[in-house]
Amino acid sequence: TDSDVAKELVQLAESDRAAFLKAFTVVFPNDYKAVLMEQRAAAKAESATASDAAAVATQKPKKAAAARYIGFKDDMEDAAGAAPQGKNYKVSGFIAHGRRATKYKNAEKRITNWNEIWTEHDTTQYKKQTSRCMDCGVPFCQSAQGCPIQNKIPEWNDLVYKDDWKRAYQSLSETNNFPEFTGRVCPAPCEGACVLGVIDSPVTIKNIENAIIERAFAEGWVAPNVPTTRSGFKVAVVGSGPAGLAAADMLNREGHTVTVIERAPAAGGLLRYGIPNMKLDKRFVERRIAVMEASGIQFQCGVSVGSDAF
């Protein structure tokens, strides 16, 4: 590229390799960096004398505080305490707070039933967690590589931070038919694409999404969407998995009369028969189907297209 900076770096690499390496910041994936640090600490502990070991022990809190900023200590509250006085919490939230994801239930309790494995949402955490969203100039979380349905993640993060949960739900619903499903079982590529994840743990986007939709159901904001007029067209959707349900929902919004045909005894497809209850309790599937039925969508279950009449 005939870059003058590149030429200087090449010359520096040839003349002084140590100075050359200092010109760069090496960024490792968080988990790999954690492993390296653990191995380094273990090797140091083995070679240290008793006095050295005592010195290392006294330094541990400082290391923990530093770890929060270089980003390999997941789900850790900021060791340095609250944000400085006079600072805008939203602007500095990713510095002031560590990632706090929804925790699993205690293992001894989980093995006694098939219920969902997550604890209840800690509503006191969401202002802190949404403040970690950095208002990126290019939010990769909502790109095709981050979110396949292009959820407006920074927008509803900001609305939750402002305690405007209803508008957050409205924003989420503009792009996502079933946030209660994706908020539980989606592998969250949005978090993998989160810009904050380059230097720290990403924003807890999936947890926040699930919290928004559950708040919406609790507040009664999720209501049947009955079209004001019907187009006169009838549409049959074969299969009631997530794709079939989404197609039926969108077609119904356009005013078409929709019938979902399902071979299995109950609607839901993969959501009902493919995902275990510990990840997606079937009452949430039934809750959504009830909303769809109230919106005018008809379901015919136990019907095999091509062999049964419907």
# chains A, B, ... in the order shown; residues from 1 in each chain; ligands from 1
>>> select_by_dssp(residues="range 47-267 of chain A", states="strand (DSSP E or B)", output="short mmCIF file (atom, residue, chain, number, x, y, z; two decimals) with all heavy atoms, in the first residue's frame")
data_model
loop_
_atom_site.label_atom_id
_atom_site.label_comp_id
_atom_site.auth_asym_id
_atom_site.auth_seq_id
_atom_site.Cartn_x
_atom_site.Cartn_y
_atom_site.Cartn_z
N TYR A 104 -27.24 -20.64 36.42
CA TYR A 104 -27.95 -21.91 36.48
C TYR A 104 -28.44 -22.16 37.90
O TYR A 104 -27.86 -21.67 38.87
CB TYR A 104 -27.03 -23.07 36.09
CG TYR A 104 -26.67 -23.13 34.63
CD1 TYR A 104 -25.46 -23.71 34.23
CD2 TYR A 104 -27.51 -22.64 33.66
CE1 TYR A 104 -25.12 -23.77 32.88
CE2 TYR A 104 -27.19 -22.72 32.32
CZ TYR A 104 -25.99 -23.28 31.94
OH TYR A 104 -25.66 -23.34 30.62
N TRP A 118 -32.39 -22.43 34.44
CA TRP A 118 -31.94 -21.10 34.83
C TRP A 118 -32.68 -20.60 36.06
O TRP A 118 -33.83 -20.94 36.31
CB TRP A 118 -32.15 -20.12 33.68
CG TRP A 118 -31.32 -20.45 32.49
CD1 TRP A 118 -30.00 -20.18 32.31
CD2 TRP A 118 -31.75 -21.15 31.33
NE1 TRP A 118 -29.58 -20.67 31.10
CE2 TRP A 118 -30.62 -21.27 30.47
CE3 TRP A 118 -32.96 -21.69 30.91
CZ2 TRP A 118 -30.69 -21.89 29.23
CZ3 TRP A 118 -33.02 -22.32 29.68
CH2 TRP A 118 -31.90 -22.42 28.87
N LYS A 234 -56.86 -17.60 1.47
CA LYS A 234 -56.61 -18.62 2.47
C LYS A 234 -55.24 -19.25 2.21
O LYS A 234 -54.90 -19.56 1.07
CB LYS A 234 -57.69 -19.70 2.43
CG LYS A 234 -59.08 -19.20 2.79
CD LYS A 234 -60.10 -20.33 2.75
CE LYS A 234 -61.48 -19.84 3.14
NZ LYS A 234 -62.48 -20.94 3.11
N VAL A 235 -54.47 -19.42 3.28
CA VAL A 235 -53.12 -19.97 3.15
C VAL A 235 -52.95 -21.14 4.11
O VAL A 235 -53.34 -21.05 5.28
CB VAL A 235 -52.05 -18.89 3.48
CG1 VAL A 235 -50.65 -19.47 3.30
CG2 VAL A 235 -52.23 -17.66 2.62
N ALA A 236 -52.39 -22.23 3.60
CA ALA A 236 -52.06 -23.37 4.45
C ALA A 236 -50.55 -23.39 4.67
O ALA A 236 -49.77 -23.31 3.72
CB ALA A 236 -52.52 -24.67 3.79
N VAL A 237 -50.15 -23.50 5.91
CA VAL A 237 -48.73 -23.62 6.27
C VAL A 237 -48.52 -25.04 6.77
O VAL A 237 -49.16 -25.48 7.74
CB VAL A 237 -48.34 -22.60 7.35
CG1 VAL A 237 -46.89 -22.83 7.79
CG2 VAL A 237 -48.52 -21.18 6.85
N VAL A 238 -47.65 -25.77 6.10
CA VAL A 238 -47.40 -27.17 6.47
C VAL A 238 -46.23 -27.22 7.46
O VAL A 238 -45.11 -26.85 7.13
CB VAL A 238 -47.10 -28.02 5.23
CG1 VAL A 238 -46.85 -29.47 5.63
CG2 VAL A 238 -48.24 -27.93 4.24
N THR A 257 -56.21 -15.54 5.78
CA THR A 257 -56.73 -16.55 6.69
C THR A 257 -55.78 -17.75 6.66
O THR A 257 -55.63 -18.40 5.61
CB THR A 257 -58.15 -16.98 6.29
OG1 THR A 257 -59.00 -15.82 6.30
CG2 THR A 257 -58.70 -18.02 7.24
N VAL A 258 -55.16 -18.03 7.79
CA VAL A 258 -54.06 -19.00 7.84
C VAL A 258 -54.47 -20.24 8.63
O VAL A 258 -55.04 -20.14 9.73
CB VAL A 258 -52.80 -18.38 8.48
CG1 VAL A 258 -51.66 -19.40 8.48
CG2 VAL A 258 -52.39 -17.11 7.74
N THR A 259 -54.15 -21.40 8.06
CA THR A 259 -54.32 -22.67 8.75
C THR A 259 -52.97 -23.37 8.78
O THR A 259 -52.33 -23.56 7.75
CB THR A 259 -55.34 -23.59 8.03
OG1 THR A 259 -56.61 -22.92 7.97
CG2 THR A 259 -55.49 -24.91 8.78
N VAL A 260 -52.54 -23.74 9.97
CA VAL A 260 -51.28 -24.47 10.15
C VAL A 260 -51.60 -25.95 10.28
O VAL A 260 -52.40 -26.35 11.13
CB VAL A 260 -50.52 -23.97 11.39
CG1 VAL A 260 -49.22 -24.75 11.56
CG2 VAL A 260 -50.23 -22.47 11.28
N ILE A 261 -50.97 -26.75 9.42
CA ILE A 261 -51.23 -28.19 9.42
C ILE A 261 -50.02 -28.91 10.00
O ILE A 261 -48.88 -28.72 9.55
CB ILE A 261 -51.51 -28.69 7.99
CG1 ILE A 261 -52.69 -27.91 7.40
CG2 ILE A 261 -51.78 -30.18 7.97
CD1 ILE A 261 -52.84 -28.06 5.91
N GLU A 262 -50.26 -29.73 11.01
CA GLU A 262 -49.17 -30.40 11.72
C GLU A 262 -49.45 -31.89 11.83
O GLU A 262 -50.56 -32.30 12.23
CB GLU A 262 -49.01 -29.79 13.12
CG GLU A 262 -48.07 -30.52 14.04
CD GLU A 262 -46.66 -30.65 13.47
OE1 GLU A 262 -46.08 -29.61 13.10
OE2 GLU A 262 -46.16 -31.79 13.41
#
>>> residues_around(residues="range 123-125 of chain A", least_positions_apart="6", cutoff="12 Å", atoms="only C-alpha atoms", output="PyMOL selection string")
chain A and resi 75+77+97-102+131-132+160-161+163+165+204+207-208+210-212+214-215
>>> write_last_selection(atoms="N, CA, C and O atoms", output="PDB file, in the first residue's frame")
ATOM      1  N   ASP A  75     -18.448 -12.830  34.067  1.00  0.00           N
ATOM      2  CA  ASP A  75     -19.466 -12.784  35.112  1.00  0.00           C
ATOM      3  C   ASP A  75     -18.928 -12.296  36.444  1.00  0.00           C
ATOM      4  O   ASP A  75     -19.183 -12.871  37.489  1.00  0.00           O
ATOM      5  N   GLU A  77     -18.326  -8.882  38.976  1.00  0.00           N
ATOM      6  CA  GLU A  77     -18.627  -7.479  39.228  1.00  0.00           C
ATOM      7  C   GLU A  77     -17.331  -6.696  39.229  1.00  0.00           C
ATOM      8  O   GLU A  77     -16.259  -7.219  39.548  1.00  0.00           O
ATOM      9  N   HIS A  97     -18.923  -1.922  35.085  1.00  0.00           N
ATOM     10  CA  HIS A  97     -19.571  -3.179  35.456  1.00  0.00           C
ATOM     11  C   HIS A  97     -19.021  -4.355  34.660  1.00  0.00           C
ATOM     12  O   HIS A  97     -18.710  -4.235  33.479  1.00  0.00           O
ATOM     13  N   GLY A  98     -18.947  -5.483  35.332  1.00  0.00           N
ATOM     14  CA  GLY A  98     -18.594  -6.725  34.664  1.00  0.00           C
ATOM     15  C   GLY A  98     -19.846  -7.428  34.175  1.00  0.00           C
ATOM     16  O   GLY A  98     -20.970  -7.047  34.498  1.00  0.00           O
ATOM     17  N   ARG A  99     -19.646  -8.444  33.392  1.00  0.00           N
ATOM     18  CA  ARG A  99     -20.769  -9.241  32.870  1.00  0.00           C
ATOM     19  C   ARG A  99     -21.363 -10.083  33.993  1.00  0.00           C
ATOM     20  O   ARG A  99     -20.644 -10.745  34.740  1.00  0.00           O
ATOM     21  N   ARG A 100     -22.692 -10.052  34.090  1.00  0.00           N
ATOM     22  CA  ARG A 100     -23.401 -10.887  35.059  1.00  0.00           C
ATOM     23  C   ARG A 100     -24.537 -11.590  34.323  1.00  0.00           C
ATOM     24  O   ARG A 100     -25.620 -11.044  34.160  1.00  0.00           O
ATOM     25  N   ALA A 101     -24.270 -12.784  33.844  1.00  0.00           N
ATOM     26  CA  ALA A 101     -25.292 -13.553  33.127  1.00  0.00           C
ATOM     27  C   ALA A 101     -26.215 -14.257  34.114  1.00  0.00           C
ATOM     28  O   ALA A 101     -25.867 -14.459  35.285  1.00  0.00           O
ATOM     29  N   THR A 102     -27.411 -14.615  33.631  1.00  0.00           N
ATOM     30  CA  THR A 102     -28.338 -15.379  34.455  1.00  0.00           C
ATOM     31  C   THR A 102     -27.698 -16.718  34.815  1.00  0.00           C
ATOM     32  O   THR A 102     -27.186 -17.425  33.951  1.00  0.00           O
ATOM     33  N   SER A 131     -26.213  -1.029  30.499  1.00  0.00           N
ATOM     34  CA  SER A 131     -25.284   0.102  30.429  1.00  0.00           C
ATOM     35  C   SER A 131     -23.953  -0.308  29.811  1.00  0.00           C
ATOM     36  O   SER A 131     -23.179   0.545  29.366  1.00  0.00           O
ATOM     37  N   ARG A 132     -23.686  -1.604  29.761  1.00  0.00           N
ATOM     38  CA  ARG A 132     -22.438  -2.084  29.163  1.00  0.00           C
ATOM     39  C   ARG A 132     -22.476  -2.004  27.629  1.00  0.00           C
ATOM     40  O   ARG A 132     -21.437  -2.089  26.979  1.00  0.00           O
ATOM     41  N   VAL A 160     -34.198  -0.430  27.885  1.00  0.00           N
ATOM     42  CA  VAL A 160     -34.204  -1.116  29.183  1.00  0.00           C
ATOM     43  C   VAL A 160     -33.385  -0.316  30.193  1.00  0.00           C
ATOM     44  O   VAL A 160     -33.774  -0.166  31.355  1.00  0.00           O
ATOM     45  N   TYR A 161     -32.248   0.221  29.750  1.00  0.00           N
ATOM     46  CA  TYR A 161     -31.427   1.049  30.633  1.00  0.00           C
ATOM     47  C   TYR A 161     -32.238   2.240  31.155  1.00  0.00           C
ATOM     48  O   TYR A 161     -32.112   2.638  32.312  1.00  0.00           O
ATOM     49  N   ASP A 163     -35.326   2.199  31.674  1.00  0.00           N
ATOM     50  CA  ASP A 163     -36.477   1.619  32.360  1.00  0.00           C
ATOM     51  C   ASP A 163     -37.762   1.774  31.552  1.00  0.00           C
ATOM     52  O   ASP A 163     -38.854   1.827  32.111  1.00  0.00           O
ATOM     53  N   TRP A 165     -39.501  -0.388  29.522  1.00  0.00           N
ATOM     54  CA  TRP A 165     -39.595  -1.779  29.112  1.00  0.00           C
ATOM     55  C   TRP A 165     -40.646  -1.985  28.020  1.00  0.00           C
ATOM     56  O   TRP A 165     -40.475  -2.849  27.168  1.00  0.00           O
ATOM     57  N   THR A 204     -24.785  -9.152  27.929  1.00  0.00           N
ATOM     58  CA  THR A 204     -25.666 -10.322  28.114  1.00  0.00           C
ATOM     59  C   THR A 204     -26.950 -10.151  27.289  1.00  0.00           C
ATOM     60  O   THR A 204     -28.063 -10.099  27.826  1.00  0.00           O
ATOM     61  N   ASN A 207     -29.913 -12.836  27.634  1.00  0.00           N
ATOM     62  CA  ASN A 207     -30.645 -12.713  28.892  1.00  0.00           C
ATOM     63  C   ASN A 207     -31.575 -11.505  28.876  1.00  0.00           C
ATOM     64  O   ASN A 207     -32.711 -11.571  29.349  1.00  0.00           O
ATOM     65  N   ILE A 208     -31.090 -10.395  28.337  1.00  0.00           N
ATOM     66  CA  ILE A 208     -31.885  -9.168  28.289  1.00  0.00           C
ATOM     67  C   ILE A 208     -33.102  -9.362  27.387  1.00  0.00           C
ATOM     68  O   ILE A 208     -34.224  -8.949  27.712  1.00  0.00           O
ATOM     69  N   ASN A 210     -34.678 -12.144  26.732  1.00  0.00           N
ATOM     70  CA  ASN A 210     -35.644 -12.993  27.414  1.00  0.00           C
ATOM     71  C   ASN A 210     -36.357 -12.224  28.527  1.00  0.00           C
ATOM     72  O   ASN A 210     -37.565 -12.392  28.741  1.00  0.00           O
ATOM     73  N   ALA A 211     -35.615 -11.367  29.217  1.00  0.00           N
ATOM     74  CA  ALA A 211     -36.218 -10.576  30.291  1.00  0.00           C
ATOM     75  C   ALA A 211     -37.280  -9.622  29.734  1.00  0.00           C
ATOM     76  O   ALA A 211     -38.326  -9.410  30.359  1.00  0.00           O
ATOM     77  N   ILE A 212     -37.028  -9.048  28.555  1.00  0.00           N
ATOM     78  CA  ILE A 212     -37.980  -8.113  27.947  1.00  0.00           C
ATOM     79  C   ILE A 212     -39.299  -8.810  27.638  1.00  0.00           C
ATOM     80  O   ILE A 212     -40.385  -8.319  27.983  1.00  0.00           O
ATOM     81  N   GLU A 214     -40.506 -11.668  28.799  1.00  0.00           N
ATOM     82  CA  GLU A 214     -41.200 -12.164  29.984  1.00  0.00           C
ATOM     83  C   GLU A 214     -41.865 -11.023  30.740  1.00  0.00           C
ATOM     84  O   GLU A 214     -42.950 -11.181  31.297  1.00  0.00           O
ATOM     85  N   ARG A 215     -41.218  -9.862  30.759  1.00  0.00           N
ATOM     86  CA  ARG A 215     -41.841  -8.681  31.374  1.00  0.00           C
ATOM     87  C   ARG A 215     -43.096  -8.293  30.577  1.00  0.00           C
ATOM     88  O   ARG A 215     -44.128  -7.922  31.160  1.00  0.00           O
TER      89      ARG A 215
END
>>> residues_around(residues="range 173-189 of chain A", least_positions_apart="5", cutoff="7 Å", atoms="only C-alpha atoms", output="PyMOL selection string")
chain A and resi 146-147+149-151+206-207+209-210+213+246+279-280
>>> select_by_dssp(residues="range 70-303 of chain A", states="alpha helix (DSSP H)", output="ChimeraX atom specification")
/A:70,89-96,107-110,126-131,153-161,165-173,179-185,189-193,205-219,242-253,282-294
>>> closest_residue(among="A:Ala216, A:Ala193, A:Gln298, A:His256", to="Gly232 in chain A", atoms="only C-alpha atoms")
A:His256
>>> residues_around(residues="Lys105 in chain A", least_positions_apart="4", cutoff="10 Å", atoms="only C-alpha atoms", output="VMD selection string")
chain A and resid 109 to 111 116 to 120
>>> write_last_selection(atoms="C-alpha atoms", output="PDB file, in the first residue's frame")
ATOM      1  CA  LYS A 109     -31.967 -29.121  42.643  1.00  0.00           C
ATOM      2  CA  ARG A 110     -31.714 -29.478  38.860  1.00  0.00           C
ATOM      3  CA  ILE A 111     -31.335 -33.242  38.958  1.00  0.00           C
ATOM      4  CA  GLU A 116     -35.722 -25.086  33.116  1.00  0.00           C
ATOM      5  CA  ILE A 117     -32.180 -24.888  34.445  1.00  0.00           C
ATOM      6  CA  TRP A 118     -31.935 -21.104  34.833  1.00  0.00           C
ATOM      7  CA  THR A 119     -32.638 -19.089  37.952  1.00  0.00           C
ATOM      8  CA  GLU A 120     -35.176 -16.291  37.963  1.00  0.00           C
TER       9      GLU A 120
END
>>> closest_residue(among="A:Lys162, A:Lys33, A:Arg263, A:Arg40", to="Ser307 in chain A", atoms="only C-alpha atoms")
A:Arg263
>>> closest_residue(among="A:Pro227, A:Pro139, A:Gly220, A:Gly241", to="Glu191 in chain A", atoms="only C-alpha atoms")
A:Pro139
>>> closest_residue(among="A:Lys166, A:Val198, A:Leu251, A:His121", to="Glu219 in chain A", atoms="only C-alpha atoms")
A:Lys166
